[in-house]
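Okay, model33.tsv is below, TSV, C-alpha atoms:
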chain	number	residue	atom	x	y	z
V	379	MET	CA	23.97	48.45	132.46
V	380	ALA	CA	21.02	48.36	134.84
V	381	GLY	CA	19.88	51.78	133.58
V	382	LEU	CA	19.95	50.67	129.94
V	383	GLU	CA	17.94	47.53	130.72
V	384	THR	CA	15.31	49.65	132.51
V	385	ARG	CA	14.85	52.09	129.56
V	386	PHE	CA	14.83	49.52	126.75
V	387	PRO	CA	11.22	48.29	127.12
V	388	TRP	CA	9.88	51.86	126.93
V	389	LEU	CA	11.83	52.57	123.76
V	390	ALA	CA	10.57	49.39	122.15
V	391	LEU	CA	6.99	50.25	123.13
V	392	VAL	CA	7.22	53.73	121.59
V	393	ILE	CA	8.72	52.36	118.37
V	394	GLY	CA	6.01	49.70	118.22
V	395	LEU	CA	3.25	52.28	118.71
V	396	LEU	CA	4.63	54.55	116.01
V	397	ALA	CA	5.02	51.65	113.59
V	398	GLY	CA	1.46	50.50	114.31
V	399	LEU	CA	0.12	54.01	113.79
V	400	ALA	CA	1.95	54.35	110.47
V	401	VAL	CA	0.64	50.98	109.24
V	402	GLY	CA	-2.88	51.86	110.36
V	403	LEU	CA	-2.84	55.22	108.60
V	404	TYR	CA	-1.48	53.68	105.42
V	405	TYR	CA	-4.24	51.05	105.48
V	406	ALA	CA	-6.99	53.59	106.19
V	407	TRP	CA	-5.82	56.18	103.65
V	408	PHE	CA	-4.56	54.05	100.77
V	409	LEU	CA	-5.50	50.36	101.04
V	410	ASN	CA	-9.05	50.69	102.33
V	411	PRO	CA	-10.09	54.34	102.59
V	412	VAL	CA	-13.56	55.30	103.81
V	413	ARG	CA	-15.95	55.96	100.93
V	414	PHE	CA	-18.99	58.03	101.69
V	415	VAL	CA	-22.17	57.04	99.85
V	416	ASN	CA	-25.41	59.04	99.72
V	417	VAL	CA	-23.97	61.86	101.79
V	418	SER	CA	-26.50	64.60	102.50
V	419	PRO	CA	-25.56	68.18	101.48
V	420	GLN	CA	-25.43	69.12	105.16
V	421	GLN	CA	-22.51	66.69	105.69
V	422	LEU	CA	-20.34	68.35	103.04
V	423	ASN	CA	-17.49	70.61	104.06
V	424	LEU	CA	-17.83	74.37	103.51
V	425	ASP	CA	-16.12	74.43	100.09
V	426	ASP	CA	-18.24	71.56	98.81
V	427	GLN	CA	-21.40	73.17	100.17
V	428	GLN	CA	-20.60	76.35	98.26
V	429	GLU	CA	-20.01	74.33	95.10
V	430	TYR	CA	-23.34	72.57	95.69
V	431	ILE	CA	-25.08	75.96	95.96
V	432	HIS	CA	-23.36	77.05	92.74
V	433	LEU	CA	-24.69	73.96	90.93
V	434	VAL	CA	-28.21	74.58	92.25
V	435	ALA	CA	-27.96	78.18	91.04
V	436	GLU	CA	-26.85	77.05	87.58
V	437	ALA	CA	-29.79	74.64	87.45
V	438	TYR	CA	-32.18	77.42	88.45
V	439	LEU	CA	-30.75	79.63	85.73
V	440	GLN	CA	-31.75	76.95	83.23
V	441	ASP	CA	-35.20	75.87	84.46
V	442	GLY	CA	-36.39	78.86	86.47
V	443	ASP	CA	-38.08	76.59	89.02
V	444	VAL	CA	-37.58	78.35	92.34
V	445	GLU	CA	-39.48	75.71	94.34
V	446	ARG	CA	-37.21	72.99	93.03
V	447	ALA	CA	-34.22	75.14	93.97
V	448	ARG	CA	-35.64	75.60	97.49
V	449	ALA	CA	-36.07	71.84	97.83
V	450	ARG	CA	-32.51	71.18	96.73
V	451	LEU	CA	-31.15	73.77	99.16
V	452	ALA	CA	-33.24	72.50	102.09
V	453	GLY	CA	-30.81	69.60	102.55
V	454	LEU	CA	-28.08	72.04	103.58
V	455	GLY	CA	-29.97	72.90	106.75
V	456	LEU	CA	-29.17	76.62	106.46
V	457	ARG	CA	-30.80	78.95	108.98
V	458	ASP	CA	-31.35	81.67	106.34
V	459	THR	CA	-30.97	80.29	102.83
V	460	ALA	CA	-31.44	83.60	101.00
V	461	GLU	CA	-28.89	85.37	103.20
V	462	ASN	CA	-26.30	82.58	102.79
V	463	ILE	CA	-26.59	82.60	99.01
V	464	THR	CA	-26.50	86.40	98.96
V	465	VAL	CA	-23.25	86.35	100.94
V	466	GLN	CA	-21.75	83.76	98.60
V	467	ALA	CA	-22.80	85.80	95.54
V	468	ASP	CA	-21.25	88.92	97.05
V	469	GLN	CA	-17.99	87.12	97.84
V	470	VAL	CA	-17.60	85.90	94.26
V	471	TYR	CA	-18.56	89.35	92.94
V	472	LEU	CA	-16.12	91.28	95.14
V	473	ARG	CA	-13.18	89.05	94.28
V	474	GLY	CA	-13.89	89.47	90.56
V	475	GLY	CA	-14.94	85.87	89.97
V	476	ASP	CA	-16.43	84.20	86.93
V	477	PRO	CA	-19.28	86.36	85.54
V	478	ALA	CA	-21.34	83.24	84.81
V	479	GLU	CA	-21.09	82.14	88.45
V	480	ILE	CA	-21.93	85.64	89.69
V	481	ARG	CA	-24.98	85.77	87.42
V	482	ALA	CA	-26.27	82.37	88.57
V	483	LEU	CA	-25.80	83.04	92.29
V	484	THR	CA	-27.19	86.58	92.04
V	485	THR	CA	-30.27	85.47	90.13
V	486	LEU	CA	-31.03	82.69	92.62
V	487	ALA	CA	-30.40	84.95	95.63
V	488	GLU	CA	-32.86	87.50	94.24
V	489	ALA	CA	-35.45	84.81	93.56
V	490	LEU	CA	-35.22	83.73	97.21
V	491	GLY	CA	-35.64	87.29	98.47
V	492	GLY	CA	-32.01	88.32	98.90
V	493	GLN	CA	-30.41	91.59	97.80
V	494	PRO	CA	-26.98	90.73	96.36
V	495	LEU	CA	-24.58	93.51	95.41
V	496	ALA	CA	-24.46	92.42	91.76
V	497	ALA	CA	-28.23	92.68	91.33
V	498	GLU	CA	-27.73	95.85	89.31
V	499	LEU	CA	-25.60	93.92	86.83
V	500	PHE	CA	-27.29	90.53	86.67
V	501	SER	CA	-30.99	90.21	87.36
V	502	GLY	CA	-33.46	87.61	86.14
V	503	THR	CA	-37.21	87.14	86.26
V	504	VAL	CA	-39.25	83.98	86.00
V	505	ALA	CA	-42.82	83.74	84.85
V	506	PRO	CA	-45.27	82.11	87.33
V	507	THR	CA	-45.42	78.34	87.02
V	508	ASN	CA	-48.92	77.85	88.43
V	509	ILE	CA	-51.96	77.15	86.25
V	510	ALA	CA	-54.23	80.16	85.86
V	511	GLN	CA	-57.50	80.92	84.12
V	512	ALA	CA	-57.62	83.09	81.05
V	513	VAL	CA	-60.93	84.87	80.73
V	514	THR	CA	-62.28	85.32	77.21
V	515	LEU	CA	-64.34	88.41	76.54
V	516	THR	CA	-67.34	87.87	74.26
V	517	PRO	CA	-69.73	90.57	73.00
V	518	THR	CA	-73.31	90.19	74.26
V	519	PRO	CA	-76.03	92.53	72.91
V	520	LEU	CA	-78.07	94.44	75.50
V	521	GLY	CA	-80.84	96.32	73.76
V	522	ASP	CA	-79.34	98.78	71.34
V	523	GLN	CA	-75.84	98.46	72.83
V	524	ALA	CA	-73.25	95.73	73.05
V	525	THR	CA	-71.01	95.03	75.99
V	526	LEU	CA	-68.15	92.66	76.73
V	527	ILE	CA	-69.00	89.94	79.23
V	528	PRO	CA	-66.46	87.40	80.44
V	529	SER	CA	-67.19	83.90	79.27
V	530	ALA	CA	-67.43	81.18	81.89
V	531	THR	CA	-65.11	78.79	80.11
V	532	PRO	CA	-61.57	78.98	81.53
V	533	GLU	CA	-58.54	78.38	79.37
V	534	LEU	CA	-55.57	76.75	81.03
V	535	ILE	CA	-52.25	78.45	80.60
V	536	THR	CA	-49.36	76.04	80.19
V	537	SER	CA	-47.41	75.42	83.36
V	538	THR	CA	-44.05	75.41	81.58
V	539	PRO	CA	-41.99	78.27	83.03
V	540	THR	CA	-40.55	80.86	80.71
V	541	PHE	CA	-37.22	82.10	81.99
V	542	GLU	CA	-35.89	85.44	80.83
V	543	PRO	CA	-32.09	85.54	80.98
V	544	PRO	CA	-30.44	88.49	82.70
V	545	THR	CA	-29.96	91.67	80.71
V	546	ALA	CA	-26.33	92.69	80.70
V	547	THR	CA	-26.25	96.36	79.74
V	548	PRO	CA	-28.52	98.63	81.83
V	549	ASP	CA	-31.57	99.79	79.86
V	550	VAL	CA	-30.66	103.43	80.30
V	551	PHE	CA	-27.55	102.86	78.16
V	552	ALA	CA	-29.05	100.36	75.73
V	553	ASN	CA	-29.13	102.88	72.85
V	554	THR	CA	-26.18	105.02	73.92
V	555	GLN	CA	-23.15	105.02	71.68
V	556	PHE	CA	-19.77	105.30	73.37
V	557	GLU	CA	-16.51	106.47	71.87
V	558	LEU	CA	-12.88	106.14	72.88
V	559	THR	CA	-11.94	109.37	74.63
V	560	GLU	CA	-8.56	108.41	76.06
V	561	GLN	CA	-5.96	105.74	75.33
V	562	ASP	CA	-2.77	105.25	77.32
V	563	VAL	CA	-0.09	102.58	77.07
V	564	ALA	CA	2.53	101.75	79.69
V	565	CYS	CA	5.30	99.20	79.94
V	566	VAL	CA	5.40	97.85	83.47
V	567	GLU	CA	6.50	94.65	85.17
V	568	GLY	CA	4.77	92.27	87.52
V	569	GLU	CA	1.05	91.76	88.09
V	570	GLY	CA	0.02	94.92	86.25
V	571	ALA	CA	1.69	93.97	82.96
V	572	GLY	CA	-0.09	92.81	79.82
V	573	TYR	CA	-3.63	94.00	80.56
V	574	ILE	CA	-6.25	95.75	78.51
V	575	GLU	CA	-7.94	97.98	81.10
V	576	VAL	CA	-11.31	99.41	80.12
V	577	TYR	CA	-13.05	102.28	81.90
V	578	ILE	CA	-16.57	103.27	80.81
V	579	THR	CA	-18.09	106.47	82.18
V	580	ASP	CA	-21.39	108.27	81.74
V	581	ASP	CA	-21.89	112.00	81.11
V	582	ASN	CA	-21.31	112.70	84.79
V	583	GLY	CA	-18.05	110.78	84.89
V	584	ASP	CA	-19.53	107.90	86.89
V	585	GLY	CA	-18.62	104.33	85.98
V	586	VAL	CA	-21.07	102.31	83.89
V	587	PRO	CA	-21.31	98.66	85.01
V	588	ALA	CA	-22.61	95.58	83.18
V	589	VAL	CA	-21.30	96.52	79.74
V	590	GLU	CA	-20.06	93.54	77.73
V	591	VAL	CA	-16.62	94.09	76.19
V	592	LEU	CA	-15.54	91.84	73.32
V	593	VAL	CA	-11.82	91.18	72.80
V	594	GLU	CA	-10.70	89.61	69.52
V	595	TRP	CA	-7.38	88.46	68.12
V	596	ALA	CA	-6.20	86.25	65.27
V	597	GLU	CA	-6.65	82.95	67.14
V	598	GLY	CA	-9.94	83.67	68.88
V	599	GLN	CA	-12.07	85.95	71.02
V	600	ASP	CA	-13.29	86.42	74.59
V	601	SER	CA	-15.48	88.84	76.51
V	602	PHE	CA	-15.80	90.33	79.97
V	603	TYR	CA	-18.11	92.74	81.79
V	604	THR	CA	-17.43	96.04	83.49
V	605	GLY	CA	-18.37	96.42	87.13
V	606	LEU	CA	-17.05	93.08	88.39
V	607	LYS	CA	-14.22	94.79	90.28
V	608	PRO	CA	-16.04	97.57	92.15
V	609	GLY	CA	-13.00	98.13	94.34
V	610	ILE	CA	-11.33	99.74	91.31
V	611	ASP	CA	-14.31	101.39	89.60
V	612	SER	CA	-17.91	100.45	88.84
V	613	GLY	CA	-17.20	100.95	85.15
V	614	TYR	CA	-13.93	99.01	85.10
V	615	GLY	CA	-13.07	95.69	83.49
V	616	ASP	CA	-9.86	94.11	82.23
V	617	PHE	CA	-8.43	91.36	80.05
V	618	LEU	CA	-5.00	89.72	80.27
V	619	MET	CA	-3.24	89.52	76.91
V	620	ALA	CA	-0.82	86.89	75.67
V	621	ALA	CA	2.48	88.00	74.15
V	622	ASP	CA	2.90	88.74	70.45
V	623	ASN	CA	-0.74	89.20	69.45
V	624	VAL	CA	-2.72	92.11	68.06
V	625	TYR	CA	-6.06	92.71	69.77
V	626	SER	CA	-9.22	94.69	69.12
V	627	VAL	CA	-11.74	95.83	71.73
V	628	THR	CA	-15.45	96.45	71.12
V	629	LEU	CA	-18.22	97.58	73.46
V	630	VAL	CA	-20.85	95.12	72.30
V	631	GLY	CA	-23.64	97.02	70.57
V	632	LEU	CA	-22.45	100.35	71.98
V	633	GLY	CA	-19.54	101.49	69.87
V	634	GLU	CA	-16.97	100.96	67.15
V	635	PRO	CA	-13.99	98.62	67.75
V	636	VAL	CA	-10.63	99.88	68.91
V	637	LEU	CA	-8.00	98.20	66.74
V	638	GLY	CA	-4.27	97.55	66.84
V	639	LEU	CA	-3.56	96.83	70.51
V	640	ASP	CA	-0.20	95.12	70.04
V	641	SER	CA	1.12	92.88	72.84
V	642	ALA	CA	4.62	92.62	71.37
V	643	GLY	CA	7.40	92.91	73.93
V	644	CYS	CA	8.28	96.32	75.34
V	645	ARG	CA	11.13	97.49	77.56
V	646	ALA	CA	10.21	98.40	81.13
V	647	PRO	CA	12.03	101.17	83.05
V	648	THR	CA	14.16	98.49	84.70
V	649	GLY	CA	15.45	97.45	81.28
V	650	ARG	CA	13.62	94.12	81.31
V	651	THR	CA	11.27	92.99	78.55
V	652	SER	CA	7.59	92.97	79.42
V	653	ILE	CA	4.13	93.15	77.79
V	654	PRO	CA	2.49	96.58	77.48
V	655	THR	CA	-0.68	97.51	79.34
V	656	TYR	CA	-3.36	99.54	77.59
V	657	ARG	CA	-5.83	101.78	79.39
V	658	LEU	CA	-8.90	102.65	77.34
V	659	THR	CA	-11.51	105.16	78.52
V	660	PHE	CA	-14.93	105.34	76.83
V	661	SER	CA	-17.57	108.03	77.24
V	662	PRO	CA	-20.93	108.72	75.57
V	663	ALA	CA	-20.44	109.94	72.01
V	664	ASP	CA	-21.23	113.57	71.30
V	665	ASN	CA	-23.97	113.44	68.69
V	666	SER	CA	-24.98	117.08	68.96
V	667	GLY	CA	-23.62	117.85	65.54
V	668	THR	CA	-25.45	115.04	63.77
Please go through the file and, once you have read it, give me the structure as structure tokens.
Amino acid sequence: MAGLETRFPWLALVIGLLAGLAVGLYYAWFLNPVRFVNVSPQQLNLDDQQEYIHLVAEAYLQDGDVERARARLAGLGLRDTAENITVQADQVYLRGGDPAEIRALTTLAEALGGQPLAAELFSGTVAPTNIAQAVTLTPTPLGDQATLIPSATPELITSTPTFEPPTATPDVFANTQFELTEQDVACVEGEGAGYIEVYITDDNGDGVPAVEVLVEWAEGQDSFYTGLKPGIDSGYGDFLMAADNVYSVTLVGLGEPVLGLDSAGCRAPTGRTSIPTYRLTFSPADNSGT
């Protein structure tokens, strides 16, 4: 009995502390949680900082104002802003992220002096935003000859920036026509099922990145770019089909559509029903006979 009386106060104290902690946490998390107001970008966690950088990059893609972008990024307190954004652009690129996000981050990283991996695919230029003088040449007779002398009156060029959006397809292939040289279909299960896999190669068999591929079906359309999964091939891109549709694939501006890619159910080697996967290989068309 004496032993039980000695231990009882400690047990009650532990139970009381646990109950108090639970009530305190409930109050702090649910009844009256802390709400942060006017938090600086530097106080954000890593994920939110990366999202903030993404938003700044999207804004830069619209207005082309690199100084405004620098000012917005200054609040993050980064030691090397260009390097940090380059790393983020490369991470999104290497994991095959959203092409729009890759383009925005890559364009901003380049503008700040970085060298992102996707620069070959997505690159943008911005016209200078400062006011400059435009010199007007006026003919002034000198004896029997006339010469052009700059006039002294300067003309102000508008300070509104002109932003040129990134060019998708590399210029060297802008006028090249590609044709379907190989088409394979397989019925597999798991993560590899139901894809349209596109490989685009040049005359040397090397992959061609940054080609826009349009996929169309009865209910809609979508597009993707080659080169966003360099771990597979620089000329590779893919699209995940839904069951029971018929798709067409077109290299935008570079070739004729491939029709009749049916995603109706197929039977895999295991006997289970799956969705077929198509592998399409495109190469430069042979126009020697035309």
Q: Pick out the residues sitting within 7 Å of Ala482 in chain V, and hand them over as a PyMOL selection string; count only C-alpha atoms, and ignore anything fewer than 3 positions along from it in its own chain.
A: chain V and resi 435-436+439+478-479+485-486
Q) Hey, which of V:Gln555, V:Asn423, V:Thr484, V:Ser652 ends up closest to Gln466 in chain V? Count only C-alpha atoms. A) V:Thr484
Q | Neighbour list for Leu639 in chain V as an MDAnalysis selection string, cut-off 9 Å, all atoms listed in the file, skip fewer than 2 positions in-chain | A | chainID V and resid 574 623:627 636:637 641 656
